[in-house]
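Coordinates from final_11.cif are shown below (mmCIF, C-alpha atoms).
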data_upload
#
loop_
_atom_site.label_atom_id
_atom_site.label_comp_id
_atom_site.auth_asym_id
_atom_site.auth_seq_id
_atom_site.Cartn_x
_atom_site.Cartn_y
_atom_site.Cartn_z
CA MET A 255 0.00 0.00 0.00
CA THR A 256 1.03 3.62 -0.46
CA PRO A 257 0.05 5.27 2.80
CA LYS A 258 -1.28 8.80 2.95
CA LEU A 259 -2.95 10.64 5.78
CA ASP A 260 -6.62 10.81 4.83
CA HIS A 261 -7.80 12.82 7.82
CA ILE A 262 -7.52 13.50 11.55
CA GLY A 263 -10.70 13.05 13.59
CA ILE A 264 -11.20 15.43 16.53
CA MET A 265 -14.10 15.06 19.01
CA VAL A 266 -15.70 18.35 20.02
CA LYS A 267 -18.64 19.15 22.28
CA ASN A 268 -19.89 22.06 20.22
CA LEU A 269 -19.20 21.87 16.51
CA ASP A 270 -20.19 25.44 15.65
CA ALA A 271 -18.12 27.03 18.43
CA SER A 272 -15.11 24.87 17.53
CA LEU A 273 -15.33 25.66 13.83
CA ILE A 274 -14.91 29.37 14.53
CA LYS A 275 -11.52 28.73 16.16
CA TYR A 276 -10.18 26.41 13.47
CA MET A 277 -11.18 28.99 10.87
CA SER A 278 -10.09 32.22 12.53
CA TYR A 279 -6.92 31.03 14.32
CA LEU A 280 -5.63 28.61 11.68
CA GLY A 281 -7.08 30.04 8.47
CA LEU A 282 -8.89 26.81 7.57
CA GLU A 283 -12.12 26.66 5.58
CA VAL A 284 -15.09 24.31 5.86
CA LYS A 285 -15.63 22.10 2.82
CA LYS A 286 -18.70 20.24 4.06
CA ILE A 287 -20.86 19.67 7.11
CA GLU A 288 -22.84 16.45 7.28
CA GLU A 289 -24.85 14.25 9.60
CA ILE A 290 -24.16 10.55 9.51
CA GLU A 291 -25.24 7.55 11.50
CA VAL A 292 -22.37 5.84 13.31
CA GLU A 293 -23.10 2.77 15.41
CA GLY A 294 -26.77 3.78 15.65
CA ASN A 295 -25.99 7.31 16.78
CA GLN A 296 -26.45 10.51 14.76
CA ASP A 297 -23.11 12.39 14.58
CA ARG A 298 -22.46 15.83 13.09
CA LEU A 299 -19.21 16.18 11.13
CA ALA A 300 -17.36 19.13 9.62
CA PHE A 301 -14.51 18.68 7.12
CA LEU A 302 -11.71 21.25 6.89
CA PRO A 303 -9.10 20.58 4.18
CA ILE A 304 -5.47 21.28 5.09
CA GLY A 305 -2.98 20.58 2.31
CA GLU A 306 -3.59 17.10 0.93
CA THR A 307 -5.31 15.93 4.13
CA GLN A 308 -8.22 17.22 6.22
CA ILE A 309 -9.37 17.79 9.77
CA GLU A 310 -12.70 16.16 10.62
CA LEU A 311 -14.47 17.71 13.61
CA ILE A 312 -16.98 15.30 15.17
CA GLU A 313 -19.85 16.24 17.46
CA SER A 314 -21.44 13.11 18.88
CA SER A 315 -23.99 12.40 21.57
CA ALA A 316 -22.99 8.71 21.70
CA HIS A 317 -22.59 7.20 25.15
CA LYS A 318 -20.78 4.06 24.04
CA GLY A 319 -18.82 2.68 21.11
CA LEU A 320 -16.16 4.43 19.09
CA ALA A 321 -17.13 8.01 20.04
CA GLY A 322 -18.89 7.43 23.35
CA ASP A 323 -16.11 5.40 24.98
CA PHE A 324 -13.57 8.04 23.99
CA LEU A 325 -15.71 10.93 25.29
CA LYS A 326 -16.16 9.13 28.60
CA ALA A 327 -12.44 8.39 28.97
CA HIS A 328 -10.92 11.58 27.53
CA GLY A 329 -13.56 14.24 26.95
CA GLU A 330 -12.88 16.38 23.88
CA GLY A 331 -9.67 15.66 22.02
CA ILE A 332 -7.95 14.18 18.99
CA HIS A 333 -9.85 10.94 18.45
CA HIS A 334 -8.21 9.14 15.51
CA ILE A 335 -5.94 9.29 12.50
CA ALA A 336 -7.07 7.79 9.22
CA ILE A 337 -4.63 6.30 6.74
CA ARG A 338 -5.57 6.00 3.07
CA VAL A 339 -4.94 2.61 1.45
CA ASP A 340 -5.44 1.47 -2.14
CA ASP A 341 -7.28 -1.80 -1.50
CA LEU A 342 -8.83 -1.98 1.95
CA GLU A 343 -10.24 -5.52 1.68
CA LYS A 344 -6.78 -6.78 0.76
CA THR A 345 -4.98 -4.88 3.54
CA PHE A 346 -7.68 -5.85 6.05
CA ASN A 347 -7.47 -9.55 5.20
CA GLU A 348 -3.66 -9.60 5.17
CA LEU A 349 -3.45 -7.97 8.58
CA ARG A 350 -6.21 -10.15 10.05
CA SER A 351 -4.40 -13.27 8.88
CA GLN A 352 -1.41 -12.02 10.92
CA GLY A 353 -3.62 -11.79 14.01
CA VAL A 354 -4.17 -8.02 13.93
CA GLU A 355 -7.52 -7.07 15.50
CA PHE A 356 -10.11 -4.72 14.02
CA MET A 357 -13.38 -3.37 15.37
CA TRP A 358 -16.55 -4.73 13.72
CA ASN A 359 -14.60 -7.62 12.12
CA ARG A 360 -15.37 -6.48 8.61
CA VAL A 361 -14.83 -3.57 6.24
CA ILE A 362 -17.67 -1.03 6.48
CA ASP A 363 -19.17 0.95 3.58
CA ARG A 364 -19.12 4.42 5.08
CA ASP A 365 -20.80 5.79 1.92
CA PRO A 366 -20.89 4.62 -1.72
CA HIS A 367 -17.33 5.95 -2.29
CA THR A 368 -15.70 5.19 1.05
CA LYS A 369 -14.76 1.95 2.77
CA ILE A 370 -13.38 2.04 6.31
CA ALA A 371 -12.01 -0.20 9.04
CA PHE A 372 -10.77 0.68 12.52
CA PHE A 373 -8.01 -1.16 14.32
CA THR A 374 -8.94 -1.94 17.94
CA ALA A 375 -7.41 0.71 20.18
CA LYS A 376 -5.09 -1.84 21.79
CA GLU A 377 -3.27 -2.40 18.46
CA PHE A 378 -1.84 1.14 18.69
CA ASN A 379 -1.65 1.46 22.48
CA GLY A 380 -4.90 3.33 22.92
CA VAL A 381 -4.75 5.33 19.67
CA TYR A 382 -7.62 4.78 17.25
CA VAL A 383 -6.25 4.24 13.75
CA GLU A 384 -8.65 3.98 10.80
CA LEU A 385 -7.93 2.63 7.33
CA VAL A 386 -9.81 4.28 4.44
CA GLU A 387 -10.24 3.43 0.78
CA ARG A 388 -11.80 6.11 -1.43
CA SER A 389 -13.03 5.55 -4.97
CA MET B 274 -0.90 32.16 6.01
CA THR B 275 -1.19 29.04 3.84
CA PRO B 276 -1.86 26.27 6.34
CA LYS B 277 -0.45 22.79 5.92
CA LEU B 278 -0.31 19.93 8.37
CA ASP B 279 3.32 19.73 9.46
CA HIS B 280 2.96 16.69 11.72
CA ILE B 281 0.86 14.79 14.25
CA GLY B 282 2.45 14.17 17.65
CA ILE B 283 1.60 10.89 19.38
CA MET B 284 2.74 10.09 22.94
CA VAL B 285 3.89 6.51 23.43
CA LYS B 286 5.31 4.67 26.44
CA ASN B 287 7.73 2.53 24.47
CA LEU B 288 9.05 4.08 21.27
CA ASP B 289 10.69 0.95 19.89
CA ALA B 290 7.65 -1.29 20.43
CA SER B 291 5.34 1.34 18.90
CA LEU B 292 7.54 1.86 15.86
CA ILE B 293 7.19 -1.79 14.89
CA LYS B 294 3.38 -1.42 14.64
CA TYR B 295 3.42 1.82 12.64
CA MET B 296 5.88 0.21 10.25
CA SER B 297 4.42 -3.27 9.84
CA TYR B 298 0.68 -2.45 10.02
CA LEU B 299 0.73 0.85 8.12
CA GLY B 300 3.76 0.48 5.87
CA LEU B 301 5.45 3.62 7.22
CA GLU B 302 9.21 4.13 7.39
CA VAL B 303 11.34 5.92 9.96
CA LYS B 304 13.15 8.97 8.65
CA LYS B 305 14.92 9.96 11.84
CA ILE B 306 15.11 9.21 15.56
CA GLU B 307 16.38 11.96 17.83
CA GLU B 308 16.66 13.00 21.44
CA ILE B 309 15.74 16.55 22.31
CA GLU B 310 15.32 18.55 25.49
CA VAL B 311 11.77 19.81 26.00
CA GLU B 312 10.98 21.86 29.10
CA GLY B 313 14.07 20.46 30.85
CA ASN B 314 13.19 16.85 30.06
CA GLN B 315 14.95 14.53 27.63
CA ASP B 316 12.40 13.19 25.09
CA ARG B 317 12.97 10.55 22.40
CA LEU B 318 11.28 11.23 19.06
CA ALA B 319 10.79 9.21 15.88
CA PHE B 320 9.63 10.78 12.62
CA LEU B 321 7.62 8.75 10.08
CA PRO B 322 6.75 10.59 6.84
CA ILE B 323 3.28 9.99 5.43
CA GLY B 324 2.53 11.86 2.20
CA GLU B 325 3.40 15.53 2.68
CA THR B 326 3.10 15.33 6.47
CA GLN B 327 4.62 13.11 9.16
CA ILE B 328 3.80 11.22 12.33
CA GLU B 329 6.01 12.10 15.29
CA LEU B 330 6.12 9.45 18.00
CA ILE B 331 7.20 10.89 21.35
CA GLU B 332 8.54 8.93 24.30
CA SER B 333 8.83 11.19 27.31
CA SER B 334 9.53 10.66 30.99
CA ALA B 335 8.25 14.15 31.87
CA HIS B 336 5.95 14.39 34.90
CA LYS B 337 4.67 17.89 34.18
CA GLY B 338 4.38 20.40 31.35
CA LEU B 339 3.36 19.74 27.77
CA ALA B 340 4.06 15.98 27.77
CA GLY B 341 3.78 15.19 31.49
CA ASP B 342 0.36 16.80 32.01
CA PHE B 343 -1.03 14.93 29.00
CA LEU B 344 0.42 11.58 30.12
CA LYS B 345 -1.10 12.08 33.57
CA ALA B 346 -4.54 13.00 32.18
CA HIS B 347 -4.75 10.67 29.16
CA GLY B 348 -1.94 8.15 29.14
CA GLU B 349 -0.71 7.29 25.67
CA GLY B 350 -2.53 8.92 22.78
CA ILE B 351 -2.56 11.53 20.04
CA HIS B 352 -1.00 14.55 21.72
CA HIS B 353 -1.05 17.40 19.21
CA ILE B 354 -1.41 18.53 15.63
CA ALA B 355 1.11 20.97 14.17
CA ILE B 356 0.18 23.46 11.49
CA ARG B 357 2.87 24.92 9.20
CA VAL B 358 2.82 28.70 8.80
CA ASP B 359 4.99 30.96 6.64
CA ASP B 360 5.88 33.60 9.23
CA LEU B 361 5.38 32.42 12.80
CA GLU B 362 6.37 35.66 14.54
CA LYS B 363 3.78 37.53 12.49
CA THR B 364 1.01 34.97 13.05
CA PHE B 365 1.89 34.73 16.74
CA ASN B 366 1.79 38.49 17.25
CA GLU B 367 -1.44 38.96 15.28
CA LEU B 368 -3.23 36.26 17.27
CA ARG B 369 -1.85 37.50 20.60
CA SER B 370 -3.11 41.00 19.82
CA GLN B 371 -6.59 39.44 19.46
CA GLY B 372 -6.28 37.90 22.94
CA VAL B 373 -5.39 34.37 21.84
CA GLU B 374 -3.27 32.60 24.47
CA PHE B 375 -0.06 30.66 23.85
CA MET B 376 2.14 28.60 26.14
CA TRP B 377 5.57 30.11 26.96
CA ASN B 378 4.44 33.55 25.68
CA ARG B 379 7.04 33.62 22.94
CA VAL B 380 8.11 31.80 19.81
CA ILE B 381 10.65 29.06 20.59
CA ASP B 382 13.62 28.06 18.42
CA ARG B 383 13.15 24.31 18.35
CA ASP B 384 16.35 23.96 16.29
CA PRO B 385 18.21 26.31 13.90
CA HIS B 386 15.62 25.65 11.15
CA THR B 387 12.42 25.35 13.17
CA LYS B 388 10.40 27.88 15.16
CA ILE B 389 7.40 26.69 17.16
CA ALA B 390 4.59 27.99 19.38
CA PHE B 391 1.82 26.07 21.15
CA PHE B 392 -1.65 27.45 21.77
CA THR B 393 -2.81 26.82 25.34
CA ALA B 394 -5.02 23.73 25.37
CA LYS B 395 -8.07 25.80 26.31
CA GLU B 396 -7.96 27.64 22.97
CA PHE B 397 -8.91 24.42 21.18
CA ASN B 398 -11.03 22.81 23.92
CA GLY B 399 -8.29 20.59 25.28
CA VAL B 400 -6.54 19.87 21.99
CA TYR B 401 -2.90 20.93 21.77
CA VAL B 402 -2.30 22.79 18.51
CA GLU B 403 1.24 23.81 17.54
CA LEU B 404 2.30 26.35 14.92
CA VAL B 405 5.57 25.62 13.08
CA GLU B 406 7.75 27.64 10.75
CA ARG B 407 10.48 25.74 8.90
CA SER B 408 13.33 27.35 6.97
#
For the structure just supplied, provide its representation as C-alpha cells.
Amino acid sequence: MTPKLDHIGIMVKNLDASLIKYMSYLGLEVKKIEEIEVEGNQDRLAFLPIGETQIELIESSAHKGLAGDFLKAHGEGIHHIAIRVDDLEKTFNELRSQGVEFMWNRVIDRDPHTKIAFFTAKEFNGVYVELVERS
Amino acid sequence: MTPKLDHIGIMVKNLDASLIKYMSYLGLEVKKIEEIEVEGNQDRLAFLPIGETQIELIESSAHKGLAGDFLKAHGEGIHHIAIRVDDLEKTFNELRSQGVEFMWNRVIDRDPHTKIAFFTAKEFNGVYVELVERS
C-alpha cells in the first residue's frame, strides 16, 4: 500500500463554536458539514481541508462505542488518524491473517465511495487508527 | 498564512515497540530518531513521513508540562497537531493581539531551522495545537 494521511478526527462538544476557532486562528475553511449515523448514533461532522489531508471535527452524543467510549475516557480531544490505502479488503485480510484485531470484524461501507475499518485501540496502544479506501 | 499539516504528535510509552506497529501495520518508514530537550526533560522522538506530512512518536519521561500533564490525564494517545505557517512571529503576534493565548508567551527556536509555538489547550477545547515555521 502507499500510505497517505486521509484525515484526523477530533471530538468536540460544540461543533459550531469549535469551527470558529479552526477557521479564525488557523485560516482553515469548511468544505462540508454532514450528519451521519455511526453505530446507531447521529453524529455531526465538519470537514476542513489542510494541504492534501483534512481535519474532521466530530460532534457526537454517543454514550458508548467508538465516540462514546472516547468521550467518557478523555472528553474532547484528537480521536483518531485515518490512513488512506489502495485496497482496503486486501490490507484488512492480510493484517487479520497475521492476528491483527479490528473493530466490527469487517470492512464497512461508510458511503458509496468510502470503505473504512478501525483497528482496535489496543493495536496502537490506545490510539484509534482507521484505514480508508476512497473511490 | 497558507496552512499545511506539518505533523501529528503521538505520545507513546515505548518508542521501539510502537515503531514496529506503525511500520508493519501501516507500511510507514522511519526517517529519523532523535533526542531533544523539551521543558528540561529529555524526550525521544521518531519521525515517520506519510505523504506531505509526518507522524512524530514521542517517548517522554516528563511528569509535568506539555508531555507530562497529558500523560497524567490521558496516558498514551494523540498529543497534538502541528500546522505549518509561513511567518510564525507575524502569526503569533497577530493572534496575541486578538487575545489568543499561547504557552511560553514567545516563539521558541526548536532547532536552527524550526520555530514553534503552542496554543494553550483551552484555545482548542483541550486539543494541543502547535504552529511551526520551517526554513
Report task. Starting from the shown file, work through the PyMOL selection byres ((chain A) within 10 of (chain B)) and note down what comes out as JSON, numbers by chain. Result -> {"A": [255, 256, 257, 258, 259, 260, 262, 264, 265, 266, 267, 268, 271, 272, 273, 275, 276, 278, 279, 280, 281, 282, 303, 304, 305, 306, 307, 308, 309, 327, 328, 329, 330, 331, 332, 333, 334, 335, 337, 338, 339, 345, 346, 348, 349, 352, 354, 373, 375, 377, 378, 379, 380, 381, 382, 383, 385]}
Post-fit chain B coords, all in-order Cα pairs vs chain A, as a PDB file with C-alpha atoms, keeping the file's coordinate frame:
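Wrote it out as selection-v2.pdb, contents follow:
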ATOM      1  CA  MET B 274       0.013  -0.014   0.003  1.00  0.00           C
ATOM      2  CA  THR B 275       1.069   3.619  -0.458  1.00  0.00           C
ATOM      3  CA  PRO B 276       0.059   5.265   2.804  1.00  0.00           C
ATOM      4  CA  LYS B 277      -1.273   8.798   2.952  1.00  0.00           C
ATOM      5  CA  LEU B 278      -2.954  10.627   5.786  1.00  0.00           C
ATOM      6  CA  ASP B 279      -6.621  10.802   4.821  1.00  0.00           C
ATOM      7  CA  HIS B 280      -7.797  12.815   7.828  1.00  0.00           C
ATOM      8  CA  ILE B 281      -7.522  13.495  11.554  1.00  0.00           C
ATOM      9  CA  GLY B 282     -10.699  13.053  13.599  1.00  0.00           C
ATOM     10  CA  ILE B 283     -11.209  15.424  16.530  1.00  0.00           C
ATOM     11  CA  MET B 284     -14.106  15.049  18.996  1.00  0.00           C
ATOM     12  CA  VAL B 285     -15.700  18.332  20.024  1.00  0.00           C
ATOM     13  CA  LYS B 286     -18.654  19.146  22.276  1.00  0.00           C
ATOM     14  CA  ASN B 287     -19.902  22.070  20.224  1.00  0.00           C
ATOM     15  CA  LEU B 288     -19.204  21.869  16.501  1.00  0.00           C
ATOM     16  CA  ASP B 289     -20.197  25.432  15.659  1.00  0.00           C
ATOM     17  CA  ALA B 290     -18.124  27.026  18.437  1.00  0.00           C
ATOM     18  CA  SER B 291     -15.103  24.872  17.528  1.00  0.00           C
ATOM     19  CA  LEU B 292     -15.339  25.665  13.831  1.00  0.00           C
ATOM     20  CA  ILE B 293     -14.909  29.370  14.523  1.00  0.00           C
ATOM     21  CA  LYS B 294     -11.508  28.727  16.178  1.00  0.00           C
ATOM     22  CA  TYR B 295     -10.175  26.405  13.470  1.00  0.00           C
ATOM     23  CA  MET B 296     -11.185  28.984  10.885  1.00  0.00           C
ATOM     24  CA  SER B 297     -10.086  32.224  12.531  1.00  0.00           C
ATOM     25  CA  TYR B 298      -6.923  31.019  14.329  1.00  0.00           C
ATOM     26  CA  LEU B 299      -5.644  28.608  11.674  1.00  0.00           C
ATOM     27  CA  GLY B 300      -7.084  30.040   8.472  1.00  0.00           C
ATOM     28  CA  LEU B 301      -8.901  26.814   7.559  1.00  0.00           C
ATOM     29  CA  GLU B 302     -12.128  26.659   5.562  1.00  0.00           C
ATOM     30  CA  VAL B 303     -15.088  24.313   5.841  1.00  0.00           C
ATOM     31  CA  LYS B 304     -15.634  22.107   2.819  1.00  0.00           C
ATOM     32  CA  LYS B 305     -18.692  20.255   4.048  1.00  0.00           C
ATOM     33  CA  ILE B 306     -20.861  19.682   7.114  1.00  0.00           C
ATOM     34  CA  GLU B 307     -22.838  16.458   7.273  1.00  0.00           C
ATOM     35  CA  GLU B 308     -24.844  14.263   9.585  1.00  0.00           C
ATOM     36  CA  ILE B 309     -24.155  10.558   9.510  1.00  0.00           C
ATOM     37  CA  GLU B 310     -25.247   7.546  11.517  1.00  0.00           C
ATOM     38  CA  VAL B 311     -22.371   5.836  13.322  1.00  0.00           C
ATOM     39  CA  GLU B 312     -23.102   2.768  15.441  1.00  0.00           C
ATOM     40  CA  GLY B 313     -26.775   3.778  15.689  1.00  0.00           C
ATOM     41  CA  ASN B 314     -25.984   7.329  16.782  1.00  0.00           C
ATOM     42  CA  GLN B 315     -26.452  10.514  14.776  1.00  0.00           C
ATOM     43  CA  ASP B 316     -23.105  12.388  14.582  1.00  0.00           C
ATOM     44  CA  ARG B 317     -22.460  15.841  13.102  1.00  0.00           C
ATOM     45  CA  LEU B 318     -19.223  16.196  11.135  1.00  0.00           C
ATOM     46  CA  ALA B 319     -17.361  19.134   9.608  1.00  0.00           C
ATOM     47  CA  PHE B 320     -14.525  18.686   7.119  1.00  0.00           C
ATOM     48  CA  LEU B 321     -11.706  21.257   6.884  1.00  0.00           C
ATOM     49  CA  PRO B 322      -9.099  20.579   4.167  1.00  0.00           C
ATOM     50  CA  ILE B 323      -5.483  21.278   5.076  1.00  0.00           C
ATOM     51  CA  GLY B 324      -2.980  20.581   2.294  1.00  0.00           C
ATOM     52  CA  GLU B 325      -3.595  17.080   0.943  1.00  0.00           C
ATOM     53  CA  THR B 326      -5.328  15.920   4.128  1.00  0.00           C
ATOM     54  CA  GLN B 327      -8.240  17.209   6.210  1.00  0.00           C
ATOM     55  CA  ILE B 328      -9.382  17.787   9.767  1.00  0.00           C
ATOM     56  CA  GLU B 329     -12.705  16.162  10.626  1.00  0.00           C
ATOM     57  CA  LEU B 330     -14.474  17.703  13.605  1.00  0.00           C
ATOM     58  CA  ILE B 331     -16.984  15.306  15.160  1.00  0.00           C
ATOM     59  CA  GLU B 332     -19.852  16.244  17.448  1.00  0.00           C
ATOM     60  CA  SER B 333     -21.431  13.121  18.864  1.00  0.00           C
ATOM     61  CA  SER B 334     -23.990  12.407  21.558  1.00  0.00           C
ATOM     62  CA  ALA B 335     -23.006   8.719  21.698  1.00  0.00           C
ATOM     63  CA  HIS B 336     -22.603   7.210  25.176  1.00  0.00           C
ATOM     64  CA  LYS B 337     -20.788   4.068  24.063  1.00  0.00           C
ATOM     65  CA  GLY B 338     -18.818   2.682  21.132  1.00  0.00           C
ATOM     66  CA  LEU B 339     -16.160   4.437  19.095  1.00  0.00           C
ATOM     67  CA  ALA B 340     -17.136   8.013  20.037  1.00  0.00           C
ATOM     68  CA  GLY B 341     -18.910   7.430  23.362  1.00  0.00           C
ATOM     69  CA  ASP B 342     -16.114   5.403  24.985  1.00  0.00           C
ATOM     70  CA  PHE B 343     -13.562   8.051  24.005  1.00  0.00           C
ATOM     71  CA  LEU B 344     -15.714  10.932  25.290  1.00  0.00           C
ATOM     72  CA  LYS B 345     -16.164   9.114  28.600  1.00  0.00           C
ATOM     73  CA  ALA B 346     -12.430   8.392  28.981  1.00  0.00           C
ATOM     74  CA  HIS B 347     -10.920  11.592  27.541  1.00  0.00           C
ATOM     75  CA  GLY B 348     -13.550  14.232  26.941  1.00  0.00           C
ATOM     76  CA  GLU B 349     -12.880  16.363  23.891  1.00  0.00           C
ATOM     77  CA  GLY B 350      -9.669  15.663  22.013  1.00  0.00           C
ATOM     78  CA  ILE B 351      -7.956  14.178  18.983  1.00  0.00           C
ATOM     79  CA  HIS B 352      -9.846  10.937  18.437  1.00  0.00           C
ATOM     80  CA  HIS B 353      -8.211   9.147  15.513  1.00  0.00           C
ATOM     81  CA  ILE B 354      -5.932   9.300  12.512  1.00  0.00           C
ATOM     82  CA  ALA B 355      -7.065   7.787   9.216  1.00  0.00           C
ATOM     83  CA  ILE B 356      -4.632   6.302   6.742  1.00  0.00           C
ATOM     84  CA  ARG B 357      -5.577   6.008   3.050  1.00  0.00           C
ATOM     85  CA  VAL B 358      -4.944   2.618   1.451  1.00  0.00           C
ATOM     86  CA  ASP B 359      -5.434   1.480  -2.147  1.00  0.00           C
ATOM     87  CA  ASP B 360      -7.266  -1.791  -1.503  1.00  0.00           C
ATOM     88  CA  LEU B 361      -8.815  -1.981   1.954  1.00  0.00           C
ATOM     89  CA  GLU B 362     -10.230  -5.506   1.674  1.00  0.00           C
ATOM     90  CA  LYS B 363      -6.778  -6.799   0.769  1.00  0.00           C
ATOM     91  CA  THR B 364      -4.978  -4.886   3.533  1.00  0.00           C
ATOM     92  CA  PHE B 365      -7.665  -5.855   6.041  1.00  0.00           C
ATOM     93  CA  ASN B 366      -7.463  -9.548   5.186  1.00  0.00           C
ATOM     94  CA  GLU B 367      -3.651  -9.628   5.162  1.00  0.00           C
ATOM     95  CA  LEU B 368      -3.440  -7.983   8.583  1.00  0.00           C
ATOM     96  CA  ARG B 369      -6.214 -10.156  10.036  1.00  0.00           C
ATOM     97  CA  SER B 370      -4.384 -13.275   8.866  1.00  0.00           C
ATOM     98  CA  GLN B 371      -1.403 -12.047  10.934  1.00  0.00           C
ATOM     99  CA  GLY B 372      -3.629 -11.789  14.025  1.00  0.00           C
ATOM    100  CA  VAL B 373      -4.171  -8.026  13.929  1.00  0.00           C
ATOM    101  CA  GLU B 374      -7.515  -7.075  15.497  1.00  0.00           C
ATOM    102  CA  PHE B 375     -10.114  -4.727  14.019  1.00  0.00           C
ATOM    103  CA  MET B 376     -13.379  -3.380  15.380  1.00  0.00           C
ATOM    104  CA  TRP B 377     -16.563  -4.726  13.715  1.00  0.00           C
ATOM    105  CA  ASN B 378     -14.590  -7.603  12.108  1.00  0.00           C
ATOM    106  CA  ARG B 379     -15.367  -6.454   8.594  1.00  0.00           C
ATOM    107  CA  VAL B 380     -14.834  -3.562   6.226  1.00  0.00           C
ATOM    108  CA  ILE B 381     -17.673  -1.022   6.467  1.00  0.00           C
ATOM    109  CA  ASP B 382     -19.168   0.964   3.577  1.00  0.00           C
ATOM    110  CA  ARG B 383     -19.114   4.437   5.069  1.00  0.00           C
ATOM    111  CA  ASP B 384     -20.795   5.802   1.920  1.00  0.00           C
ATOM    112  CA  PRO B 385     -20.894   4.629  -1.728  1.00  0.00           C
ATOM    113  CA  HIS B 386     -17.335   5.938  -2.302  1.00  0.00           C
ATOM    114  CA  THR B 387     -15.699   5.193   1.042  1.00  0.00           C
ATOM    115  CA  LYS B 388     -14.761   1.939   2.766  1.00  0.00           C
ATOM    116  CA  ILE B 389     -13.375   2.051   6.299  1.00  0.00           C
ATOM    117  CA  ALA B 390     -12.011  -0.216   9.041  1.00  0.00           C
ATOM    118  CA  PHE B 391     -10.774   0.680  12.528  1.00  0.00           C
ATOM    119  CA  PHE B 392      -8.011  -1.173  14.335  1.00  0.00           C
ATOM    120  CA  THR B 393      -8.944  -1.942  17.944  1.00  0.00           C
ATOM    121  CA  ALA B 394      -7.398   0.705  20.188  1.00  0.00           C
ATOM    122  CA  LYS B 395      -5.087  -1.860  21.787  1.00  0.00           C
ATOM    123  CA  GLU B 396      -3.260  -2.404  18.483  1.00  0.00           C
ATOM    124  CA  PHE B 397      -1.851   1.124  18.696  1.00  0.00           C
ATOM    125  CA  ASN B 398      -1.638   1.459  22.496  1.00  0.00           C
ATOM    126  CA  GLY B 399      -4.895   3.333  22.905  1.00  0.00           C
ATOM    127  CA  VAL B 400      -4.745   5.324  19.677  1.00  0.00           C
ATOM    128  CA  TYR B 401      -7.612   4.780  17.247  1.00  0.00           C
ATOM    129  CA  VAL B 402      -6.240   4.238  13.744  1.00  0.00           C
ATOM    130  CA  GLU B 403      -8.637   3.982  10.795  1.00  0.00           C
ATOM    131  CA  LEU B 404      -7.918   2.631   7.316  1.00  0.00           C
ATOM    132  CA  VAL B 405      -9.812   4.281   4.435  1.00  0.00           C
ATOM    133  CA  GLU B 406     -10.247   3.427   0.782  1.00  0.00           C
ATOM    134  CA  ARG B 407     -11.796   6.116  -1.421  1.00  0.00           C
ATOM    135  CA  SER B 408     -13.049   5.573  -4.967  1.00  0.00           C
TER     136      SER B 408
END
Query raised in the report: Can you list what the PyMOL selection byres ((chain A and resi 316) around 10) grabs from this structure, as a list in words?
Result: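 With the shown file as input, the PyMOL selection byres ((chain A and resi 316) around 10) matches Val292, Glu293, Gly294, Asn295, Gln296, Asp297, Glu313, Ser314, Ser315, His317, Lys318, Gly319, Leu320, Ala321, Gly322, Asp323, Phe324, Leu325 and Lys326 of chain A.
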Query raised in the report: Any idea what the distance is between atom CA of A:Asp270 and atom CA of A:Glu384?
Result: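 Distance between the two atoms: 24.8 Å.
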Report task. Tell me, in Å to one decimal, how far atom CA of B:His386 is from atom CA of B:His280. Result ->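 Spanning atom CA of B:His386 to atom CA of B:His280 is a straight-line distance of 15.5 Å.
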Query raised in the report: Between atom CA of B:Lys363 and atom CA of B:Thr393, what is the spacing in Å?
Result: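 Atom CA of B:Lys363 lies at a distance of 18.0 Å from atom CA of B:Thr393.
The closest residue to B:Ile331, picked from B:Ala390, B:Ile381, B:Leu318, B:Ile309 and counting all atoms listed in the file, is B:Leu318.
Counting all atoms listed in the file, stretch 319-321 of chain B has the following residues at most 6 Å away, ignoring those fewer than 6 positions along the same chain: Glu302, Val303, Lys304, Lys305, Ile306, Gln327, Ile328, Glu329 and Leu330 of chain B.
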List the spatial neighbours of B:Arg369 as a PDB file with C-alpha atoms, keeping the file's coordinate frame - criterion: any atom at most 10 Å away, all atoms listed in the file, same-chain residues fewer than 6 positions off excluded.
ATOM      1  CA  LYS B 363       3.780  37.530  12.490  1.00  0.00           C
ATOM      2  CA  PHE B 375      -0.060  30.660  23.850  1.00  0.00           C
ATOM      3  CA  ASN B 378       4.440  33.550  25.680  1.00  0.00           C
ATOM      4  CA  ARG B 379       7.040  33.620  22.940  1.00  0.00           C
TER       5      ARG B 379
END
